[in-house]
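Listing of coords-v4.csv, CSV, C-alpha atoms
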chain,number,residue,atom,x,y,z
L,1,MET,CA,99.4,-135.7,-62.8
L,2,SER,CA,99.1,-139.2,-61.3
L,3,ASP,CA,97.3,-139.2,-58.0
L,4,ARG,CA,99.2,-142.1,-56.4
L,5,ARG,CA,102.6,-143.7,-56.9
L,6,THR,CA,103.7,-146.6,-54.8
L,7,GLY,CA,106.9,-148.5,-54.4
L,8,SER,CA,110.4,-147.1,-54.3
L,9,ASP,CA,111.1,-146.4,-58.0
L,10,PRO,CA,113.1,-143.2,-57.9
L,11,THR,CA,112.5,-142.4,-61.5
L,12,PRO,CA,110.3,-139.3,-61.9
L,13,PRO,CA,107.1,-140.3,-63.6
L,14,ALA,CA,107.3,-137.6,-66.2
L,15,ALA,CA,110.4,-139.3,-67.7
L,16,SER,CA,108.6,-142.6,-68.3
L,17,GLY,CA,107.3,-143.0,-71.8
L,18,GLU,CA,107.9,-139.4,-72.9
L,19,GLU,CA,110.7,-137.0,-73.4
L,20,ALA,CA,111.7,-135.4,-70.1
L,21,GLY,CA,110.9,-131.7,-70.3
L,22,ALA,CA,108.6,-132.1,-73.3
L,23,ALA,CA,105.5,-132.4,-71.2
L,24,GLU,CA,103.2,-129.4,-70.4
L,25,PRO,CA,104.1,-128.0,-67.0
L,26,VAL,CA,101.9,-128.9,-64.0
L,27,TYR,CA,100.3,-125.7,-62.8
L,28,TRP,CA,98.3,-124.8,-59.6
L,29,ASP,CA,95.2,-125.3,-61.7
L,30,ASP,CA,96.1,-128.9,-62.5
L,31,ILE,CA,96.6,-130.1,-58.9
L,32,GLU,CA,93.6,-131.4,-57.1
L,33,VAL,CA,92.7,-131.3,-53.4
L,34,GLY,CA,93.0,-134.9,-52.2
L,35,ALA,CA,95.8,-135.8,-54.5
L,36,VAL,CA,98.3,-138.2,-52.9
L,37,VAL,CA,101.8,-138.6,-54.3
L,38,GLU,CA,104.0,-141.3,-52.9
L,39,GLY,CA,107.4,-142.9,-53.7
L,40,GLY,CA,111.1,-142.3,-53.9
L,41,ALA,CA,114.1,-143.9,-52.2
L,42,PHE,CA,116.7,-141.7,-50.5
L,43,PRO,CA,119.5,-143.8,-48.9
L,44,PHE,CA,121.4,-142.6,-45.9
L,45,GLU,CA,124.9,-144.0,-46.0
L,46,LEU,CA,127.2,-143.8,-42.9
L,47,GLY,CA,129.8,-141.7,-44.7
L,48,GLU,CA,127.3,-139.3,-46.1
L,49,ILE,CA,125.7,-138.8,-42.7
L,50,LYS,CA,129.1,-137.9,-41.3
L,51,ASP,CA,130.1,-135.7,-44.3
L,52,PHE,CA,126.9,-133.7,-44.0
L,53,ALA,CA,127.2,-133.4,-40.3
L,54,SER,CA,130.8,-132.3,-40.4
L,55,VAL,CA,129.8,-129.2,-42.5
L,56,PHE,CA,126.3,-128.4,-41.1
L,57,ASP,CA,125.7,-130.1,-37.7
L,58,PRO,CA,128.9,-131.4,-36.2
L,59,ARG,CA,127.5,-133.0,-33.1
L,60,PRO,CA,128.9,-136.3,-31.7
L,61,THR,CA,125.4,-137.7,-32.2
L,62,HIS,CA,125.9,-137.4,-36.0
L,63,LEU,CA,129.7,-138.0,-36.2
L,64,ASP,CA,130.9,-140.5,-33.7
L,65,GLU,CA,129.3,-143.9,-33.2
L,66,GLN,CA,130.9,-144.4,-29.7
L,67,ALA,CA,129.9,-141.0,-28.4
L,68,ALA,CA,126.4,-141.3,-30.0
L,69,ALA,CA,125.8,-144.6,-28.1
L,70,GLY,CA,125.8,-142.7,-24.9
L,71,THR,CA,123.2,-140.1,-25.9
L,72,PHE,CA,119.4,-140.0,-26.0
L,73,PHE,CA,119.6,-141.3,-29.6
L,74,ASN,CA,121.2,-144.6,-28.5
L,75,GLY,CA,123.5,-144.6,-31.5
L,76,LEU,CA,124.5,-142.5,-34.5
L,77,ALA,CA,121.7,-140.7,-36.3
L,78,ALA,CA,121.6,-138.3,-39.2
L,79,SER,CA,121.3,-134.5,-38.6
L,80,GLY,CA,117.7,-133.3,-38.8
L,81,ALA,CA,118.9,-130.9,-41.4
L,82,HIS,CA,120.1,-133.8,-43.5
L,83,THR,CA,116.7,-135.4,-43.1
L,84,PHE,CA,115.0,-132.2,-44.2
L,85,ALA,CA,117.3,-132.0,-47.2
L,86,ALA,CA,116.3,-135.6,-48.2
L,87,TRP,CA,112.7,-134.4,-48.0
L,88,ALA,CA,113.5,-131.6,-50.5
L,89,ARG,CA,115.1,-134.1,-52.9
L,90,LEU,CA,112.2,-136.5,-52.7
L,91,TYR,CA,109.7,-133.7,-53.1
L,92,TRP,CA,111.5,-132.6,-56.3
L,93,GLU,CA,111.6,-136.2,-57.6
L,94,LEU,CA,107.9,-136.8,-57.0
L,95,THR,CA,106.7,-133.5,-58.7
L,96,PRO,CA,108.3,-133.6,-62.2
L,97,GLY,CA,107.2,-130.7,-64.4
L,98,TRP,CA,105.6,-128.8,-61.6
L,99,ALA,CA,105.7,-125.1,-62.2
L,100,ASP,CA,107.9,-122.7,-60.3
L,101,GLN,CA,107.3,-122.7,-56.5
L,102,ALA,CA,108.4,-120.4,-53.8
L,103,GLY,CA,107.6,-119.2,-50.3
L,104,THR,CA,107.5,-122.4,-48.4
L,105,ASP,CA,105.7,-121.8,-45.2
L,106,ILE,CA,105.9,-124.7,-42.7
L,107,SER,CA,103.2,-124.5,-40.1
L,108,ARG,CA,104.5,-127.6,-38.3
L,109,MET,CA,107.5,-129.9,-38.7
L,110,ARG,CA,108.4,-132.7,-36.3
L,111,LEU,CA,111.4,-135.0,-36.3
L,112,LEU,CA,109.7,-138.1,-34.9
L,113,ARG,CA,112.4,-140.8,-35.2
L,114,PRO,CA,116.1,-140.9,-35.7
L,115,VAL,CA,117.4,-141.7,-39.2
L,116,ARG,CA,120.1,-144.4,-39.0
L,117,PRO,CA,122.9,-145.4,-41.3
L,118,GLY,CA,121.4,-147.8,-43.9
L,119,ASP,CA,117.9,-146.3,-43.7
L,120,VAL,CA,116.2,-145.5,-47.0
L,121,LEU,CA,113.5,-142.8,-46.9
L,122,SER,CA,110.5,-142.4,-49.1
L,123,LEU,CA,107.9,-139.6,-49.2
L,124,ARG,CA,104.1,-139.5,-49.1
L,125,PHE,CA,102.3,-136.2,-49.4
L,126,GLU,CA,98.7,-135.2,-49.8
L,127,VAL,CA,97.3,-131.9,-51.1
L,128,THR,CA,94.8,-130.9,-48.4
L,129,ASP,CA,93.7,-127.5,-49.7
L,130,LYS,CA,94.3,-124.9,-52.4
L,131,LYS,CA,93.4,-121.3,-53.0
L,132,PRO,CA,94.5,-118.4,-55.2
L,133,TYR,CA,97.1,-116.0,-53.8
L,134,PRO,CA,95.2,-112.7,-53.8
L,135,LEU,CA,98.4,-110.6,-53.4
L,136,LYS,CA,100.2,-112.1,-56.3
L,137,PRO,CA,98.0,-112.7,-59.4
L,138,GLY,CA,99.2,-115.7,-61.3
L,139,PHE,CA,100.1,-117.7,-58.3
L,140,GLY,CA,98.2,-120.0,-55.9
L,141,PHE,CA,98.7,-121.7,-52.6
L,142,LEU,CA,98.8,-125.5,-52.0
L,143,ASP,CA,98.4,-126.8,-48.5
L,144,MET,CA,100.0,-130.2,-47.9
L,145,GLU,CA,100.7,-132.9,-45.4
L,146,HIS,CA,104.1,-134.6,-45.8
L,147,ASP,CA,105.2,-137.9,-44.3
L,148,LEU,CA,108.8,-138.9,-44.7
L,149,ARG,CA,109.1,-142.6,-43.9
L,150,ASN,CA,111.9,-145.1,-43.4
L,151,GLN,CA,112.1,-148.5,-45.0
L,152,ASN,CA,109.9,-150.0,-42.2
L,153,GLY,CA,107.1,-147.6,-42.9
L,154,LYS,CA,107.8,-145.5,-39.8
L,155,THR,CA,107.5,-141.7,-40.1
L,156,VAL,CA,110.7,-139.9,-39.4
L,157,LEU,CA,109.6,-136.4,-40.4
L,158,ARG,CA,106.1,-135.1,-40.5
L,159,MET,CA,105.3,-131.6,-41.9
L,160,THR,CA,102.3,-129.4,-42.7
L,161,CYS,CA,103.2,-126.7,-45.2
L,162,ARG,CA,102.0,-124.3,-47.8
L,163,VAL,CA,103.7,-123.6,-51.1
L,164,MET,CA,103.1,-121.0,-53.6
L,165,ILE,CA,103.0,-122.2,-57.2
L,166,GLU,CA,102.3,-120.7,-60.6
L,167,GLN,CA,98.8,-120.7,-62.1
L,168,ARG,CA,98.4,-121.6,-65.7
L,169,SER,CA,97.8,-118.0,-66.7
L,170,ALA,CA,101.3,-117.1,-65.5
L,171,GLY,CA,103.0,-119.7,-67.5
S,1,MET,CA,126.2,-119.1,-20.7
S,2,SER,CA,126.7,-115.7,-22.2
S,3,ASP,CA,123.3,-114.0,-22.9
S,4,ARG,CA,124.4,-112.1,-25.9
S,5,ARG,CA,127.0,-112.3,-28.5
S,6,THR,CA,127.4,-109.9,-31.3
S,7,GLY,CA,129.5,-109.5,-34.3
S,8,SER,CA,130.4,-112.1,-36.9
S,9,ASP,CA,133.2,-114.1,-35.2
S,10,PRO,CA,132.6,-117.7,-36.4
S,11,THR,CA,134.8,-119.2,-33.7
S,12,PRO,CA,132.7,-121.1,-31.1
S,13,PRO,CA,133.1,-119.2,-27.8
S,14,ALA,CA,133.9,-122.4,-25.8
S,15,ALA,CA,137.2,-122.6,-27.7
S,16,SER,CA,138.4,-119.1,-26.7
S,17,GLY,CA,140.5,-119.0,-23.5
S,18,GLU,CA,139.9,-122.5,-22.3
S,19,GLU,CA,140.3,-126.1,-23.5
S,20,ALA,CA,137.3,-127.1,-25.6
S,21,GLY,CA,135.3,-129.7,-23.8
S,22,ALA,CA,136.8,-128.8,-20.4
S,23,ALA,CA,133.9,-126.6,-19.3
S,24,GLU,CA,130.9,-127.8,-17.4
S,25,PRO,CA,128.0,-128.7,-19.8
S,26,VAL,CA,125.2,-126.2,-20.0
S,27,TYR,CA,122.0,-127.9,-18.9
S,28,TRP,CA,118.3,-127.1,-19.1
S,29,ASP,CA,118.6,-125.7,-15.6
S,30,ASP,CA,121.2,-123.2,-16.6
S,31,ILE,CA,119.3,-121.6,-19.5
S,32,GLU,CA,117.1,-118.7,-18.6
S,33,VAL,CA,113.9,-117.5,-20.2
S,34,GLY,CA,114.7,-114.3,-22.0
S,35,ALA,CA,118.2,-115.3,-22.9
S,36,VAL,CA,119.3,-113.9,-26.3
S,37,VAL,CA,122.2,-115.4,-28.2
S,38,GLU,CA,123.4,-113.8,-31.4
S,39,GLY,CA,126.3,-114.2,-33.8
S,40,GLY,CA,128.0,-116.4,-36.3
S,41,ALA,CA,128.9,-116.0,-40.0
S,42,PHE,CA,127.8,-118.6,-42.5
S,43,PRO,CA,128.9,-117.8,-46.0
S,44,PHE,CA,127.0,-119.0,-49.1
S,45,GLU,CA,129.4,-119.3,-52.1
S,46,LEU,CA,128.0,-119.9,-55.6
S,47,GLY,CA,129.8,-123.2,-56.0
S,48,GLU,CA,128.5,-124.5,-52.6
S,49,ILE,CA,124.9,-123.4,-53.4
S,50,LYS,CA,125.1,-125.4,-56.6
S,51,ASP,CA,126.8,-128.4,-55.0
S,52,PHE,CA,124.2,-128.6,-52.3
S,53,ALA,CA,121.3,-128.2,-54.8
S,54,SER,CA,122.7,-130.8,-57.2
S,55,VAL,CA,122.4,-133.4,-54.4
S,56,PHE,CA,119.3,-132.3,-52.5
S,57,ASP,CA,117.2,-129.8,-54.5
S,58,PRO,CA,118.2,-129.8,-58.2
S,59,ARG,CA,115.9,-127.0,-59.4
S,60,PRO,CA,117.0,-124.5,-62.0
S,61,THR,CA,116.4,-121.8,-59.4
S,62,HIS,CA,119.3,-123.2,-57.4
S,63,LEU,CA,121.6,-124.4,-60.2
S,64,ASP,CA,121.4,-122.2,-63.2
S,65,GLU,CA,121.8,-118.4,-63.2
S,66,GLN,CA,120.1,-117.9,-66.6
S,67,ALA,CA,117.1,-120.2,-65.8
S,68,ALA,CA,116.8,-118.7,-62.4
S,69,ALA,CA,116.6,-115.1,-63.8
S,70,GLY,CA,113.2,-116.0,-65.3
S,71,THR,CA,111.6,-117.3,-62.1
S,72,PHE,CA,109.8,-115.8,-59.2
S,73,PHE,CA,113.2,-115.5,-57.5
S,74,ASN,CA,114.7,-113.1,-60.1
S,75,GLY,CA,118.0,-114.9,-59.9
S,76,LEU,CA,119.8,-117.8,-58.4
S,77,ALA,CA,119.0,-118.5,-54.8
S,78,ALA,CA,120.1,-121.2,-52.3
S,79,SER,CA,117.8,-124.1,-51.6
S,80,GLY,CA,115.7,-123.6,-48.5
S,81,ALA,CA,117.1,-126.9,-47.3
S,82,HIS,CA,120.6,-125.3,-47.6
S,83,THR,CA,119.4,-122.3,-45.6
S,84,PHE,CA,118.0,-124.6,-42.9
S,85,ALA,CA,121.3,-126.5,-42.8
S,86,ALA,CA,123.1,-123.2,-42.2
S,87,TRP,CA,120.8,-122.6,-39.3
S,88,ALA,CA,121.8,-125.9,-37.8
S,89,ARG,CA,125.4,-125.0,-38.1
S,90,LEU,CA,125.0,-121.6,-36.5
S,91,TYR,CA,122.9,-122.9,-33.7
S,92,TRP,CA,125.6,-125.4,-32.9
S,93,GLU,CA,128.3,-122.8,-33.0
S,94,LEU,CA,126.4,-120.5,-30.7
S,95,THR,CA,125.6,-123.1,-28.1
S,96,PRO,CA,129.0,-124.5,-27.1
S,97,GLY,CA,128.8,-127.0,-24.4
S,98,TRP,CA,125.0,-127.3,-24.3
S,99,ALA,CA,123.9,-130.7,-23.2
S,100,ASP,CA,122.4,-133.4,-25.5
S,101,GLN,CA,119.3,-132.2,-27.4
S,102,ALA,CA,116.7,-134.1,-29.3
S,103,GLY,CA,113.2,-134.0,-30.6
S,104,THR,CA,113.2,-130.7,-32.4
S,105,ASP,CA,109.5,-129.7,-32.9
S,106,ILE,CA,109.1,-126.7,-35.2
S,107,SER,CA,105.8,-125.0,-34.8
S,108,ARG,CA,106.4,-122.5,-37.6
S,109,MET,CA,109.2,-122.0,-40.1
S,110,ARG,CA,109.1,-119.4,-42.9
S,111,LEU,CA,111.6,-118.8,-45.6
S,112,LEU,CA,111.1,-115.0,-46.0
S,113,ARG,CA,113.8,-114.0,-48.5
S,114,PRO,CA,116.0,-115.7,-51.0
S,115,VAL,CA,119.6,-116.4,-49.9
S,116,ARG,CA,122.0,-115.2,-52.7
S,117,PRO,CA,125.5,-116.2,-53.7
S,118,GLY,CA,127.8,-114.0,-51.5
S,119,ASP,CA,125.4,-113.7,-48.6
S,120,VAL,CA,126.7,-114.3,-45.1
S,121,LEU,CA,124.1,-115.4,-42.6
S,122,SER,CA,124.1,-114.9,-38.8
S,123,LEU,CA,121.7,-116.2,-36.2
S,124,ARG,CA,119.8,-114.5,-33.3
S,125,PHE,CA,117.6,-116.6,-31.0
S,126,GLU,CA,115.7,-116.0,-27.9
S,127,VAL,CA,114.6,-118.5,-25.2
S,128,THR,CA,110.9,-117.7,-24.8
S,129,ASP,CA,109.8,-120.4,-22.3
S,130,LYS,CA,111.0,-123.5,-20.6
S,131,LYS,CA,109.4,-126.4,-18.7
S,132,PRO,CA,110.3,-129.9,-17.5
S,133,TYR,CA,109.3,-132.8,-19.7
S,134,PRO,CA,106.9,-134.8,-17.6
S,135,LEU,CA,107.2,-138.0,-19.7
S,136,LYS,CA,111.0,-138.1,-19.7
S,137,PRO,CA,112.5,-137.3,-16.3
S,138,GLY,CA,115.9,-135.7,-16.7
S,139,PHE,CA,115.0,-133.7,-19.7
S,140,GLY,CA,113.3,-130.3,-20.2
S,141,PHE,CA,111.8,-128.3,-23.0
S,142,LEU,CA,113.1,-124.9,-24.3
S,143,ASP,CA,110.9,-122.8,-26.5
S,144,MET,CA,112.7,-120.5,-28.8
S,145,GLU,CA,112.4,-117.9,-31.6
S,146,HIS,CA,115.1,-118.0,-34.2
S,147,ASP,CA,115.9,-115.3,-36.8
S,148,LEU,CA,118.5,-116.2,-39.5
S,149,ARG,CA,119.6,-112.9,-41.1
S,150,ASN,CA,121.7,-111.9,-44.0
S,151,GLN,CA,124.6,-109.4,-43.9
S,152,ASN,CA,122.1,-106.6,-44.4
S,153,GLY,CA,120.2,-107.5,-41.3
S,154,LYS,CA,117.2,-108.9,-43.2
S,155,THR,CA,115.6,-112.1,-41.9
S,156,VAL,CA,115.8,-114.9,-44.4
S,157,LEU,CA,114.4,-117.7,-42.2
S,158,ARG,CA,112.2,-117.3,-39.1
S,159,MET,CA,111.4,-120.2,-36.9
S,160,THR,CA,109.5,-121.0,-33.6
S,161,CYS,CA,110.6,-124.3,-32.2
S,162,ARG,CA,110.9,-126.4,-29.1
S,163,VAL,CA,113.9,-128.5,-28.2
S,164,MET,CA,114.3,-131.1,-25.6
S,165,ILE,CA,117.6,-130.8,-23.6
S,166,GLU,CA,119.1,-132.6,-20.6
S,167,GLN,CA,118.6,-131.4,-17.1
S,168,ARG,CA,121.5,-131.3,-14.8
S,169,SER,CA,120.3,-134.3,-12.9
S,170,ALA,CA,120.6,-136.4,-16.0
S,171,GLY,CA,124.2,-135.4,-16.7
Structure encoded using structure tokens:
Amino acid sequence: MSDRRTGSDPTPPAASGEEAGAAEPVYWDDIEVGAVVEGGAFPFELGEIKDFASVFDPRPTHLDEQAAAGTFFNGLAASGAHTFAAWARLYWELTPGWADQAGTDISRMRLLRPVRPGDVLSLRFEVTDKKPYPLKPGFGFLDMEHDLRNQNGKTVLRMTCRVMIEQRSAG
Amino acid sequence: MSDRRTGSDPTPPAASGEEAGAAEPVYWDDIEVGAVVEGGAFPFELGEIKDFASVFDPRPTHLDEQAAAGTFFNGLAASGAHTFAAWARLYWELTPGWADQAGTDISRMRLLRPVRPGDVLSLRFEVTDKKPYPLKPGFGFLDMEHDLRNQNGKTVLRMTCRVMIEQRSAG
């Protein structure tokens, strides 16, 4: 795995220079504490913000510019659930070939700034710890710090989480 | 506010028996520690699970029954981001007329069980504490415990969070 990616190229690194899917999976064993992964570009268009909110979070803050102007947000902002979904997409894009994961346990998640129409989010995460999962041989834990940032470099969502991922022996 | 709702009626209670929007907003002042709110019915259809995942979390686990059968999940399951989005919808439905909220701070969120095609989720939450927000007059904090459950009463997502909501004086 590459320890650092920069810029906003949304292409998963595994697809560059080799057949996608042909690479050996990335297992728990392969991921080092201190690894930093960074990149992606997830755009929030006005219509998509409203479409998402109309299904999942139909508050005036997310649906109606005029009503939103009078709220704490001082204007229309994406649903926090939409922001979290963008995190899921960017995390997937930035971890091509990573083995099966499950059991996400978020020990802290904060929505620090509103996401506005026209914003483009990128993700930076760092692996802060790892250990085998004693109750489930063949899996291991990764502890991570995630920062989802807008195009101005300001963090909109910050999250500390633990994921369970396959060890090589389980592959 | 009603302290307890049961059953799976997905209609927001504010719309029953009165004009929606005509009621006085529910402010921080009106919400009591110990209040329990419960109800809603959010269905997960196979096509919707795949549609959501194709945009936000395109893993085989969420997109492809055959591939998912070979994973830790033992079958296709909804994206955790989709499950969280369903929480947002149910929380909105169960809090009709609540004043403007912002700044959701999640101190713990766990995805405890997979959500399967055909599952119908409901939400139960309890207000565990409240206090004024000293840095922003006119707002207050509510601490809450949320349990998102499937039709068998099993918790799929559990979350401890704090929201900021308007006080009556700010209305």
Selection: 9 Å around Leu157 (chain S), only C-alpha atoms, excl. self and same-chain fewer than 6 positions, as a list of chain:residue names: S:Gly80, S:Thr83, S:Phe84, S:Trp87, S:Met109, S:Arg110, S:Leu111, S:Leu112, S:Arg113, S:His146, S:Asp147, S:Leu148, S:Arg149
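Candidate residues S:Phe72, S:Ala85, S:Glu38, S:Asp100 were compared for distance to Phe139 (chain L), and the nearest is S:Phe72, using only C-alpha atoms.
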Closest atom pairs, residues of chain S within 6 Å of chain L, all atoms listed in the file, as JSON lines:
{"residue": "S:Phe56", "atom": "CA", "partner": "L:Arg89", "partner_atom": "CA", "distance": 4.6}
{"residue": "S:Asp57", "atom": "CA", "partner": "L:Arg89", "partner_atom": "CA", "distance": 5.0}
{"residue": "S:Ala81", "atom": "CA", "partner": "L:Ala85", "partner_atom": "CA", "distance": 5.1}
{"residue": "S:Ala85", "atom": "CA", "partner": "L:Ala81", "partner_atom": "CA", "distance": 5.2}
{"residue": "S:Ala88", "atom": "CA", "partner": "L:Asp57", "partner_atom": "CA", "distance": 5.7}
{"residue": "S:Arg89", "atom": "CA", "partner": "L:Phe56", "partner_atom": "CA", "distance": 4.6}
{"residue": "S:Asp105", "atom": "CA", "partner": "L:Arg110", "partner_atom": "CA", "distance": 4.7}
{"residue": "S:Ile106", "atom": "CA", "partner": "L:Met109", "partner_atom": "CA", "distance": 5.0}
{"residue": "S:Ser107", "atom": "CA", "partner": "L:Arg108", "partner_atom": "CA", "distance": 4.5}
{"residue": "S:Arg108", "atom": "CA", "partner": "L:Ser107", "partner_atom": "CA", "distance": 4.5}
{"residue": "S:Met109", "atom": "CA", "partner": "L:Ile106", "partner_atom": "CA", "distance": 5.0}
{"residue": "S:Arg110", "atom": "CA", "partner": "L:Asp105", "partner_atom": "CA", "distance": 4.8}
d(CA of Leu46 (chain S), CA of Asn152 (chain S)) in Å: 18.4 Å
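All residues of protein, DNA or RNA that reach within 12 Å of Lys131 (chain L), judged by only C-alpha atoms and not counting those fewer than 2 positions away in the chain, are L:Trp28, L:Asp29, L:Ile31, L:Glu32, L:Val33, L:Val127, L:Thr128, L:Asp129, L:Tyr133, L:Pro134, L:Leu135, L:Lys136, L:Pro137, L:Gly138, L:Phe139, L:Gly140, L:Phe141, L:Leu142, L:Asp143, L:Arg162, L:Val163, L:Met164, L:Ile165, L:Glu166, L:Gln167.
The space separating CA of Ser122 (chain L) from CA of Ala41 (chain L) comes to 5.0 Å.
Distances to Gly40 (chain S) were evaluated for S:Val120, S:Leu76, S:Leu63, S:Val115 using only C-alpha atoms, and the minimum falls at S:Val120.
Atom to atom, CA of Pro43 (chain L) and CA of Leu121 (chain L) stand 6.4 Å apart.
Here the question is which of S:Met144, S:Leu94, S:Ala78, S:Ala69 gets nearest to Gly34 (chain S) using all atoms listed in the file, and that residue is S:Met144.
The closest residue to Gly47 (chain S), picked from S:Glu126, S:Glu24, S:Asp64, S:Asp30 and counting only C-alpha atoms, is S:Asp64.
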Shortest interatomic distance to Arg168 (chain L) - which of L:Val156, L:Pro96, L:Ala35, L:Pro132, counting only C-alpha atoms: L:Pro132
Rebuild region 67-81 of chain L to N, CA and C atoms - output it as an mmCIF file, keeping the file's coordinate frame, please.
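Listed below is the output, part30.cif:
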data_model
loop_
_atom_site.group_PDB
_atom_site.id
_atom_site.type_symbol
_atom_site.label_atom_id
_atom_site.label_comp_id
_atom_site.auth_asym_id
_atom_site.auth_seq_id
_atom_site.Cartn_x
_atom_site.Cartn_y
_atom_site.Cartn_z
ATOM 1 N N ALA L 67 130.466 -142.036 -29.195
ATOM 2 C CA ALA L 67 129.900 -141.000 -28.400
ATOM 3 C C ALA L 67 128.355 -140.975 -28.528
ATOM 4 N N ALA L 68 127.861 -141.288 -29.734
ATOM 5 C CA ALA L 68 126.400 -141.300 -30.000
ATOM 6 C C ALA L 68 125.721 -142.375 -29.152
ATOM 7 N N ALA L 69 126.438 -143.463 -28.879
ATOM 8 C CA ALA L 69 125.800 -144.600 -28.100
ATOM 9 C C ALA L 69 125.414 -144.132 -26.743
ATOM 10 N N GLY L 70 126.087 -143.101 -26.206
ATOM 11 C CA GLY L 70 125.800 -142.700 -24.900
ATOM 12 C C GLY L 70 124.752 -141.546 -24.791
ATOM 13 N N THR L 71 124.154 -141.190 -25.912
ATOM 14 C CA THR L 71 123.200 -140.100 -25.900
ATOM 15 C C THR L 71 121.766 -140.603 -25.959
ATOM 16 N N PHE L 72 120.854 -139.666 -25.901
ATOM 17 C CA PHE L 72 119.400 -140.000 -26.000
ATOM 18 C C PHE L 72 119.108 -140.798 -27.229
ATOM 19 N N PHE L 73 119.894 -140.634 -28.295
ATOM 20 C CA PHE L 73 119.600 -141.300 -29.600
ATOM 21 C C PHE L 73 120.002 -142.804 -29.535
ATOM 22 N N ASN L 74 120.783 -143.210 -28.536
ATOM 23 C CA ASN L 74 121.200 -144.600 -28.500
ATOM 24 C C ASN L 74 121.907 -145.048 -29.765
ATOM 25 N N GLY L 75 122.774 -144.202 -30.304
ATOM 26 C CA GLY L 75 123.500 -144.600 -31.500
ATOM 27 C C GLY L 75 123.491 -143.446 -32.513
ATOM 28 N N LEU L 76 124.349 -143.588 -33.506
ATOM 29 C CA LEU L 76 124.500 -142.500 -34.500
ATOM 30 C C LEU L 76 123.244 -142.322 -35.305
ATOM 31 N N ALA L 77 122.893 -141.046 -35.510
ATOM 32 C CA ALA L 77 121.700 -140.700 -36.300
ATOM 33 C C ALA L 77 122.051 -139.502 -37.178
ATOM 34 N N ALA L 78 121.347 -139.388 -38.293
ATOM 35 C CA ALA L 78 121.600 -138.300 -39.200
ATOM 36 C C ALA L 78 121.102 -136.966 -38.585
ATOM 37 N N SER L 79 121.727 -135.879 -38.986
ATOM 38 C CA SER L 79 121.300 -134.500 -38.600
ATOM 39 C C SER L 79 119.828 -134.349 -39.111
ATOM 40 N N GLY L 80 119.018 -133.648 -38.319
ATOM 41 C CA GLY L 80 117.700 -133.300 -38.800
ATOM 42 C C GLY L 80 117.718 -132.451 -40.042
ATOM 43 N N ALA L 81 118.760 -131.653 -40.194
ATOM 44 C CA ALA L 81 118.900 -130.900 -41.400
ATOM 45 C C ALA L 81 119.143 -131.745 -42.633
#
